[in-house]
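What's in upload-v5.cif: mmCIF, C-alpha atoms
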```
data_query
loop_
_atom_site.label_atom_id
_atom_site.label_comp_id
_atom_site.auth_asym_id
_atom_site.auth_seq_id
_atom_site.Cartn_x
_atom_site.Cartn_y
_atom_site.Cartn_z
CA ASP A 48 -105.46 -8.74 1.38
CA GLY A 49 -103.46 -7.43 -1.56
CA ILE A 50 -100.74 -5.34 -3.11
CA THR A 51 -101.04 -2.54 -5.65
CA LYS A 52 -99.01 0.20 -7.29
CA VAL A 53 -102.10 2.47 -7.41
CA THR A 54 -102.01 5.18 -4.73
CA THR A 55 -105.72 5.95 -5.06
CA PRO A 56 -107.20 2.44 -5.28
CA THR A 57 -110.95 1.93 -5.56
CA LEU A 58 -112.26 0.22 -2.43
CA SER A 59 -115.66 -1.44 -2.23
CA GLY A 60 -117.80 -3.53 0.08
CA ASN A 61 -121.20 -4.07 1.62
CA ALA A 62 -122.97 -1.82 4.13
CA ILE A 63 -125.28 -2.94 6.92
CA THR A 64 -127.77 -0.13 6.26
CA SER A 65 -129.26 0.08 2.79
CA GLY A 66 -128.48 3.53 1.39
CA GLY A 67 -126.58 4.39 4.56
CA GLN A 68 -123.39 6.34 5.11
CA VAL A 69 -120.11 4.40 5.14
CA GLN A 70 -116.91 5.92 6.47
CA ILE A 71 -113.61 4.58 5.09
CA LEU A 72 -110.54 4.68 7.34
CA ASP A 73 -106.84 3.98 7.00
CA GLY A 74 -105.98 2.92 10.52
CA SER A 75 -107.47 5.78 12.55
CA THR A 76 -107.29 8.28 9.67
CA PRO A 77 -110.60 8.94 7.87
CA LEU A 78 -110.26 8.79 4.10
CA GLY A 79 -113.83 9.77 3.27
CA THR A 80 -117.50 8.91 3.56
CA VAL A 81 -119.79 7.56 0.84
CA THR A 82 -123.46 6.73 0.52
CA ALA A 83 -124.21 3.08 -0.19
CA THR A 84 -126.25 2.15 -3.23
CA GLY A 85 -128.53 -0.40 -1.69
CA ASN A 86 -126.13 -2.27 0.50
CA SER A 87 -123.13 -1.82 -1.81
CA TRP A 88 -120.58 0.97 -1.63
CA SER A 89 -117.51 2.01 -3.59
CA PHE A 90 -114.89 4.61 -2.69
CA THR A 91 -111.80 6.06 -4.38
CA PRO A 92 -109.55 8.33 -2.28
CA SER A 93 -108.97 11.82 -3.66
CA THR A 94 -105.47 12.73 -4.85
CA GLY A 95 -104.95 14.70 -1.64
CA LEU A 96 -105.58 11.53 0.37
CA SER A 97 -103.54 9.18 -1.80
CA LEU A 98 -101.95 6.27 0.01
CA SER A 99 -98.19 6.34 0.57
CA ASP A 100 -95.90 3.39 -0.10
CA GLY A 101 -96.20 0.83 2.68
CA VAL A 102 -98.79 -1.27 4.48
CA HIS A 103 -102.22 0.22 5.17
CA THR A 104 -105.00 -1.07 7.40
CA ILE A 105 -108.32 -0.27 5.70
CA THR A 106 -111.66 -0.51 7.49
CA ALA A 107 -115.23 0.61 6.72
CA ARG A 108 -117.66 1.89 9.38
CA ASP A 109 -121.42 1.84 8.94
CA VAL A 110 -122.20 5.26 10.39
CA SER A 111 -125.80 4.67 11.46
CA GLU A 112 -125.03 1.32 13.08
CA ASN A 113 -121.60 2.43 14.31
CA LYS A 114 -120.16 -0.92 13.39
CA THR A 115 -116.75 -1.38 11.78
CA SER A 116 -115.68 -4.05 9.33
CA SER A 117 -112.73 -6.37 9.73
CA ALA A 118 -109.48 -4.86 8.45
CA LEU A 119 -108.10 -5.14 4.94
CA SER A 120 -104.30 -5.14 4.82
CA LEU A 121 -103.31 -3.29 1.66
CA THR A 122 -99.70 -2.78 0.55
CA VAL A 123 -98.96 0.12 -1.77
CA ASP A 124 -95.73 -0.34 -3.73
CA THR A 125 -94.88 2.14 -6.46
CA VAL A 126 -91.15 1.50 -6.96
CA ALA A 127 -89.00 -1.37 -8.23
CA ASN A 128 -85.24 -0.85 -8.15
CA ALA A 129 -82.97 -2.20 -10.86
CA PRO A 130 -81.55 -5.61 -9.92
CA VAL A 131 -77.80 -6.19 -9.81
CA ILE A 132 -75.98 -8.73 -11.98
CA SER A 133 -73.15 -10.47 -10.14
CA ALA A 134 -70.17 -10.12 -12.47
CA PRO A 135 -69.95 -13.31 -14.58
CA ALA A 136 -66.66 -14.51 -16.06
CA ALA A 137 -65.69 -12.26 -18.96
CA ASN A 138 -64.75 -15.27 -21.09
CA THR A 139 -66.38 -18.70 -21.03
CA LYS A 140 -66.47 -21.79 -23.22
CA VAL A 141 -69.81 -22.93 -21.73
CA ALA A 142 -73.10 -21.05 -21.74
CA PRO A 143 -72.92 -18.56 -18.86
CA VAL A 144 -75.07 -18.88 -15.76
CA VAL A 145 -75.98 -15.27 -15.02
CA ALA A 146 -76.89 -14.60 -11.40
CA GLY A 147 -77.78 -11.53 -9.40
CA THR A 148 -79.38 -9.95 -6.35
CA GLY A 149 -81.36 -6.85 -5.43
CA ALA A 150 -84.80 -8.02 -6.54
CA GLU A 151 -87.98 -8.03 -4.49
CA ALA A 152 -89.10 -11.42 -3.20
CA GLY A 153 -90.95 -13.31 -5.92
CA ALA A 154 -90.29 -10.67 -8.59
CA THR A 155 -90.09 -11.72 -12.22
CA ILE A 156 -86.58 -11.17 -13.59
CA THR A 157 -86.15 -10.53 -17.31
CA LEU A 158 -82.56 -11.03 -18.48
CA THR A 159 -81.78 -9.69 -21.94
CA ALA A 160 -78.76 -10.89 -23.92
CA THR A 161 -77.76 -8.65 -26.83
CA ALA A 162 -75.07 -9.80 -29.25
CA ALA A 163 -72.29 -7.27 -29.71
CA ASP A 164 -72.41 -7.70 -33.48
CA GLY A 165 -76.10 -6.72 -33.49
CA SER A 166 -77.16 -10.06 -34.93
CA SER A 167 -79.52 -11.07 -32.12
CA SER A 168 -81.21 -10.13 -28.87
CA GLN A 169 -83.17 -12.51 -26.68
CA SER A 170 -84.71 -12.57 -23.23
CA PHE A 171 -84.85 -15.08 -20.39
CA THR A 172 -87.22 -15.00 -17.42
CA THR A 173 -86.97 -16.40 -13.90
CA LEU A 174 -88.28 -15.66 -10.41
CA ALA A 175 -86.33 -14.12 -7.55
CA ASN A 176 -86.25 -16.09 -4.32
CA ALA A 177 -87.37 -14.82 -0.90
CA SER A 178 -84.01 -13.07 -0.45
CA GLY A 179 -84.17 -11.37 -3.85
CA ALA A 180 -81.45 -13.56 -5.40
CA TRP A 181 -81.91 -15.08 -8.86
CA SER A 182 -80.04 -16.93 -11.60
CA VAL A 183 -80.51 -17.90 -15.24
CA ASP A 184 -78.73 -20.74 -17.06
CA THR A 185 -78.50 -19.36 -20.59
CA GLY A 186 -77.59 -22.78 -21.97
CA VAL A 187 -80.99 -24.31 -21.17
CA THR A 188 -84.03 -24.30 -23.42
CA ALA A 189 -87.13 -24.50 -21.22
CA GLY A 190 -90.51 -22.78 -21.24
CA SER A 191 -90.09 -19.42 -22.96
CA ASN A 192 -86.29 -19.51 -22.60
CA THR A 193 -84.13 -20.54 -25.56
CA ALA A 194 -80.46 -21.43 -25.16
CA LEU A 195 -77.92 -18.86 -26.36
CA VAL A 196 -76.05 -19.36 -29.60
CA ALA A 197 -72.34 -19.83 -28.92
CA ASN A 198 -69.37 -17.91 -30.28
CA LYS A 199 -70.67 -14.43 -29.72
CA VAL A 200 -69.97 -11.61 -27.28
CA TYR A 201 -73.13 -10.74 -25.33
CA ALA A 202 -74.15 -7.77 -23.19
CA PHE A 203 -76.46 -8.89 -20.37
CA ARG A 204 -78.96 -6.55 -18.66
CA ALA A 205 -81.69 -7.39 -16.15
CA THR A 206 -84.98 -5.81 -15.07
CA GLN A 207 -87.49 -6.88 -12.43
CA THR A 208 -91.28 -6.70 -12.36
CA ASP A 209 -92.57 -6.90 -8.80
CA ALA A 210 -95.82 -8.27 -7.39
CA ALA A 211 -97.43 -4.83 -7.61
CA GLY A 212 -96.68 -4.61 -11.35
CA ASN A 213 -93.80 -2.11 -11.21
CA THR A 214 -91.03 -2.69 -13.76
CA SER A 215 -87.58 -1.40 -12.91
CA ALA A 216 -84.96 0.26 -15.05
CA ALA A 217 -82.33 -2.06 -16.50
CA SER A 218 -79.23 -3.03 -14.56
CA ALA A 219 -75.74 -2.06 -15.63
CA ALA A 220 -74.60 -4.20 -18.58
CA GLN A 221 -72.21 -7.13 -18.11
CA SER A 222 -70.25 -8.30 -21.16
CA VAL A 223 -69.44 -12.00 -21.68
CA ASN A 224 -67.52 -13.65 -24.53
CA TYR A 225 -69.20 -17.05 -25.03
CA ASP A 226 -66.53 -18.79 -27.14
CA THR A 227 -66.41 -22.54 -27.83
CA VAL A 228 -64.10 -22.60 -30.87
CA VAL A 229 -60.36 -21.93 -31.05
CA ALA A 230 -59.29 -20.40 -34.34
CA VAL A 231 -56.15 -21.92 -35.92
CA PRO A 232 -53.31 -19.38 -35.71
CA THR A 233 -51.33 -18.50 -38.80
CA VAL A 234 -47.59 -17.91 -39.26
CA ASN A 235 -46.43 -15.30 -41.71
CA THR A 236 -43.77 -16.21 -44.26
CA VAL A 237 -40.26 -15.61 -42.98
CA PRO A 238 -37.85 -13.97 -45.44
CA ALA A 239 -34.63 -15.87 -46.20
CA SER A 240 -31.95 -14.94 -43.69
CA SER A 241 -28.60 -16.17 -42.38
CA ALA A 242 -29.37 -14.89 -38.87
CA SER A 243 -29.41 -17.44 -36.07
CA THR A 244 -32.53 -15.93 -34.53
CA LEU A 245 -35.73 -15.04 -36.30
CA THR A 246 -38.75 -12.89 -35.44
CA LEU A 247 -41.92 -14.83 -36.20
CA THR A 248 -45.26 -13.12 -36.65
CA GLY A 249 -48.78 -14.26 -37.39
CA THR A 250 -52.41 -13.97 -36.39
CA GLY A 251 -54.64 -15.47 -33.70
CA GLU A 252 -57.64 -14.69 -31.50
CA VAL A 253 -57.53 -11.43 -29.58
CA GLY A 254 -55.87 -11.98 -26.20
CA ALA A 255 -55.06 -15.65 -26.91
CA VAL A 256 -51.76 -17.23 -25.81
CA VAL A 257 -49.85 -18.47 -28.88
CA ARG A 258 -47.14 -21.13 -28.42
CA VAL A 259 -44.55 -21.58 -31.17
CA TYR A 260 -43.00 -25.00 -31.82
CA ASP A 261 -40.22 -26.25 -34.02
#
```

Do you think you could lay out the structure here as structure tokens?
Amino acid sequence: DGITKVTTPTLSGNAITSGGQVQILDGSTPLGTVTATGNSWSFTPSTGLSLSDGVHTITARDVSENKTSSALSLTVDTVANAPVISAPAANTKVAPVVAGTGAEAGATITLTATAADGSSSQSFTTLANASGAWSVDTGVTAGSNTALVANKVYAFRATQTDAAGNTSAASAAQSVNYDTVVAVPTVNTVPASSASTLTLTGTGEVGAVVRVYD
């Protein structure tokens, strides 16, 4: 039993009759007939008889003996859809755990993290579960995965490679600011004034809340 992305797979087996005729069937549909070489035969469906996506029941019939083999269950799978990344927090002070859905059971997920400043790009791999869900802890170094460097903005994209060998297009990108350091704000010099209220200005991180104390 097996799975393939090839729609015209080469099938082979052993015949009862040496040099005899062997008919290959998909369920009750004949795919073709070949002549065995000795007791061995090999058959590749023509393009016009290519197998559609789905499960096929392949059998071989020795024509002279009129005996049929046990069935081979063959799954043809030519498509892998892009997985979906569940929206992670846009800002985090710990390495993000990026999770998603939409994969085929057991598919290999490749998650790519590309730094917004162009300084780095790295990939993580994991397996989807039976429901097609998956997750990657980008803070863990294990196997081929190396923990992300902090204090960068990353764009995450995911692809899947299924059991048949199909690789999907990449998912929509999700942007995450992985920030572990708070920059010290600055206060601009205030001109001398006799006013009882002053307007203070300065600099800080984009979007940060700045509290002013006396």

Evaluate the PyMOL selection byres ((chain A and resi 160) around 6) on the structure here and hand back the selected residues as a PDB file with C-alpha atoms, keeping the file's coordinate frame.
```
ATOM      1  CA  THR A 159     -81.780  -9.690 -21.940  1.00  0.00           C
ATOM      2  CA  THR A 161     -77.760  -8.650 -26.830  1.00  0.00           C
ATOM      3  CA  SER A 168     -81.210 -10.130 -28.870  1.00  0.00           C
ATOM      4  CA  GLN A 169     -83.170 -12.510 -26.680  1.00  0.00           C
ATOM      5  CA  TYR A 201     -73.130 -10.740 -25.330  1.00  0.00           C
ATOM      6  CA  ALA A 202     -74.150  -7.770 -23.190  1.00  0.00           C
ATOM      7  CA  PHE A 203     -76.460  -8.890 -20.370  1.00  0.00           C
TER       8      PHE A 203
END
```

Of A:Pro130, A:Gly101, A:Gly60, A:Pro232, the one sitting nearest Asn86 of chain A when using all atoms listed in the file is A:Gly60

For Ala146 of chain A, which of A:Ala180, A:Val237, A:Leu174, A:Val228 is the closest residue, counting all atoms listed in the file?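 Nearest to Ala146 of chain A: A:Ala180.
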
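The coordinates place atom CA of Pro143 of chain A at 29.4 Å from atom CA of Thr233 of chain A.
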
Requested in this report: Take the point (-124.8, 10.6, -0.5) in the file's coordinates, draw a sphere of radius 12 Å around it, and report as a list of chain:residue names every protein, DNA or RNA residue with an atom inside or on it, counting all atoms listed in the file.
Outcome: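 Residues lying no farther than 12 Å from the given point: A:Ser65, A:Gly66, A:Gly67, A:Gln68, A:Val69, A:Gln70, A:Gly79, A:Thr80, A:Val81, A:Thr82, A:Ala83, A:Thr84, A:Gly85, A:Trp88, A:Ser89, A:Phe90.
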
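Every residue that the PyMOL selection byres ((chain A and resi 104) around 10) selects in this file is listed here: A:Asp48, A:Leu72, A:Asp73, A:Gly74, A:Ser75, A:Thr76, A:Val102, A:His103, A:Ile105, A:Thr106, A:Ser117, A:Ala118, A:Leu119, A:Ser120, A:Leu121, A:Thr122.
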
(message) Please list as number ranges by chain every residue within 9 Å of Thr236 of chain A, counting only C-alpha atoms and excluding residues in the same chain fewer than 6 positions away.
(response) A: 247-249

Could you rebuild segment 146-157 of chain A with all heavy atoms and give it back as a PDB file, in the frame of the given file?
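Result file result.pdb:
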```
ATOM      1  N   ALA A 146     -76.205 -14.691 -12.686  1.00  0.00           N
ATOM      2  CA  ALA A 146     -76.890 -14.600 -11.400  1.00  0.00           C
ATOM      3  C   ALA A 146     -76.879 -13.163 -10.900  1.00  0.00           C
ATOM      4  O   ALA A 146     -76.108 -12.327 -11.384  1.00  0.00           O
ATOM      5  CB  ALA A 146     -76.222 -15.527 -10.378  1.00  0.00           C
ATOM      6  N   GLY A 147     -77.739 -12.882  -9.930  1.00  0.00           N
ATOM      7  CA  GLY A 147     -77.780 -11.530  -9.400  1.00  0.00           C
ATOM      8  C   GLY A 147     -78.563 -11.449  -8.102  1.00  0.00           C
ATOM      9  O   GLY A 147     -79.052 -12.449  -7.571  1.00  0.00           O
ATOM     10  N   THR A 148     -78.683 -10.229  -7.600  1.00  0.00           N
ATOM     11  CA  THR A 148     -79.380  -9.950  -6.350  1.00  0.00           C
ATOM     12  C   THR A 148     -80.168  -8.656  -6.530  1.00  0.00           C
ATOM     13  O   THR A 148     -80.243  -8.095  -7.629  1.00  0.00           O
ATOM     14  CB  THR A 148     -78.381  -9.779  -5.193  1.00  0.00           C
ATOM     15  OG1 THR A 148     -77.452  -8.733  -5.530  1.00  0.00           O
ATOM     16  CG2 THR A 148     -77.605 -11.060  -4.937  1.00  0.00           C
ATOM     17  N   GLY A 149     -80.728  -8.159  -5.427  1.00  0.00           N
ATOM     18  CA  GLY A 149     -81.360  -6.850  -5.430  1.00  0.00           C
ATOM     19  C   GLY A 149     -82.792  -6.815  -5.909  1.00  0.00           C
ATOM     20  O   GLY A 149     -83.363  -5.732  -6.081  1.00  0.00           O
ATOM     21  N   ALA A 150     -83.397  -7.988  -6.116  1.00  0.00           N
ATOM     22  CA  ALA A 150     -84.800  -8.020  -6.540  1.00  0.00           C
ATOM     23  C   ALA A 150     -85.714  -8.121  -5.332  1.00  0.00           C
ATOM     24  O   ALA A 150     -85.285  -8.470  -4.236  1.00  0.00           O
ATOM     25  CB  ALA A 150     -85.043  -9.197  -7.481  1.00  0.00           C
ATOM     26  N   GLU A 151     -86.983  -7.800  -5.524  1.00  0.00           N
ATOM     27  CA  GLU A 151     -87.980  -8.030  -4.490  1.00  0.00           C
ATOM     28  C   GLU A 151     -88.349  -9.504  -4.473  1.00  0.00           C
ATOM     29  O   GLU A 151     -88.258 -10.196  -5.496  1.00  0.00           O
ATOM     30  CB  GLU A 151     -89.218  -7.172  -4.725  1.00  0.00           C
ATOM     31  CG  GLU A 151     -88.966  -5.670  -4.620  1.00  0.00           C
ATOM     32  CD  GLU A 151     -90.218  -4.839  -4.810  1.00  0.00           C
ATOM     33  OE1 GLU A 151     -91.319  -5.370  -4.545  1.00  0.00           O
ATOM     34  OE2 GLU A 151     -90.113  -3.666  -5.208  1.00  0.00           O
ATOM     35  N   ALA A 152     -88.728 -10.009  -3.324  1.00  0.00           N
ATOM     36  CA  ALA A 152     -89.100 -11.420  -3.200  1.00  0.00           C
ATOM     37  C   ALA A 152     -90.190 -11.767  -4.207  1.00  0.00           C
ATOM     38  O   ALA A 152     -91.205 -11.078  -4.306  1.00  0.00           O
ATOM     39  CB  ALA A 152     -89.580 -11.710  -1.779  1.00  0.00           C
ATOM     40  N   GLY A 153     -89.952 -12.838  -4.971  1.00  0.00           N
ATOM     41  CA  GLY A 153     -90.950 -13.310  -5.920  1.00  0.00           C
ATOM     42  C   GLY A 153     -91.067 -12.501  -7.198  1.00  0.00           C
ATOM     43  O   GLY A 153     -91.930 -12.793  -8.035  1.00  0.00           O
ATOM     44  N   ALA A 154     -90.213 -11.499  -7.381  1.00  0.00           N
ATOM     45  CA  ALA A 154     -90.290 -10.670  -8.590  1.00  0.00           C
ATOM     46  C   ALA A 154     -89.904 -11.482  -9.820  1.00  0.00           C
ATOM     47  O   ALA A 154     -89.119 -12.426  -9.744  1.00  0.00           O
ATOM     48  CB  ALA A 154     -89.376  -9.454  -8.457  1.00  0.00           C
ATOM     49  N   THR A 155     -90.461 -11.102 -10.959  1.00  0.00           N
ATOM     50  CA  THR A 155     -90.090 -11.720 -12.220  1.00  0.00           C
ATOM     51  C   THR A 155     -88.884 -10.990 -12.802  1.00  0.00           C
ATOM     52  O   THR A 155     -88.928  -9.778 -13.013  1.00  0.00           O
ATOM     53  CB  THR A 155     -91.245 -11.661 -13.232  1.00  0.00           C
ATOM     54  OG1 THR A 155     -92.357 -12.403 -12.714  1.00  0.00           O
ATOM     55  CG2 THR A 155     -90.844 -12.254 -14.580  1.00  0.00           C
ATOM     56  N   ILE A 156     -87.805 -11.730 -13.024  1.00  0.00           N
ATOM     57  CA  ILE A 156     -86.580 -11.170 -13.590  1.00  0.00           C
ATOM     58  C   ILE A 156     -86.580 -11.435 -15.086  1.00  0.00           C
ATOM     59  O   ILE A 156     -86.805 -12.567 -15.541  1.00  0.00           O
ATOM     60  CB  ILE A 156     -85.332 -11.805 -12.960  1.00  0.00           C
ATOM     61  CG1 ILE A 156     -85.325 -11.580 -11.449  1.00  0.00           C
ATOM     62  CG2 ILE A 156     -84.065 -11.258 -13.599  1.00  0.00           C
ATOM     63  CD1 ILE A 156     -85.230 -10.142 -11.029  1.00  0.00           C
ATOM     64  N   THR A 157     -86.325 -10.390 -15.867  1.00  0.00           N
ATOM     65  CA  THR A 157     -86.150 -10.530 -17.310  1.00  0.00           C
ATOM     66  C   THR A 157     -84.703 -10.194 -17.634  1.00  0.00           C
ATOM     67  O   THR A 157     -84.259  -9.063 -17.428  1.00  0.00           O
ATOM     68  CB  THR A 157     -87.094  -9.613 -18.090  1.00  0.00           C
ATOM     69  OG1 THR A 157     -88.455  -9.937 -17.747  1.00  0.00           O
ATOM     70  CG2 THR A 157     -86.916  -9.789 -19.594  1.00  0.00           C
TER      71      THR A 157
END
```
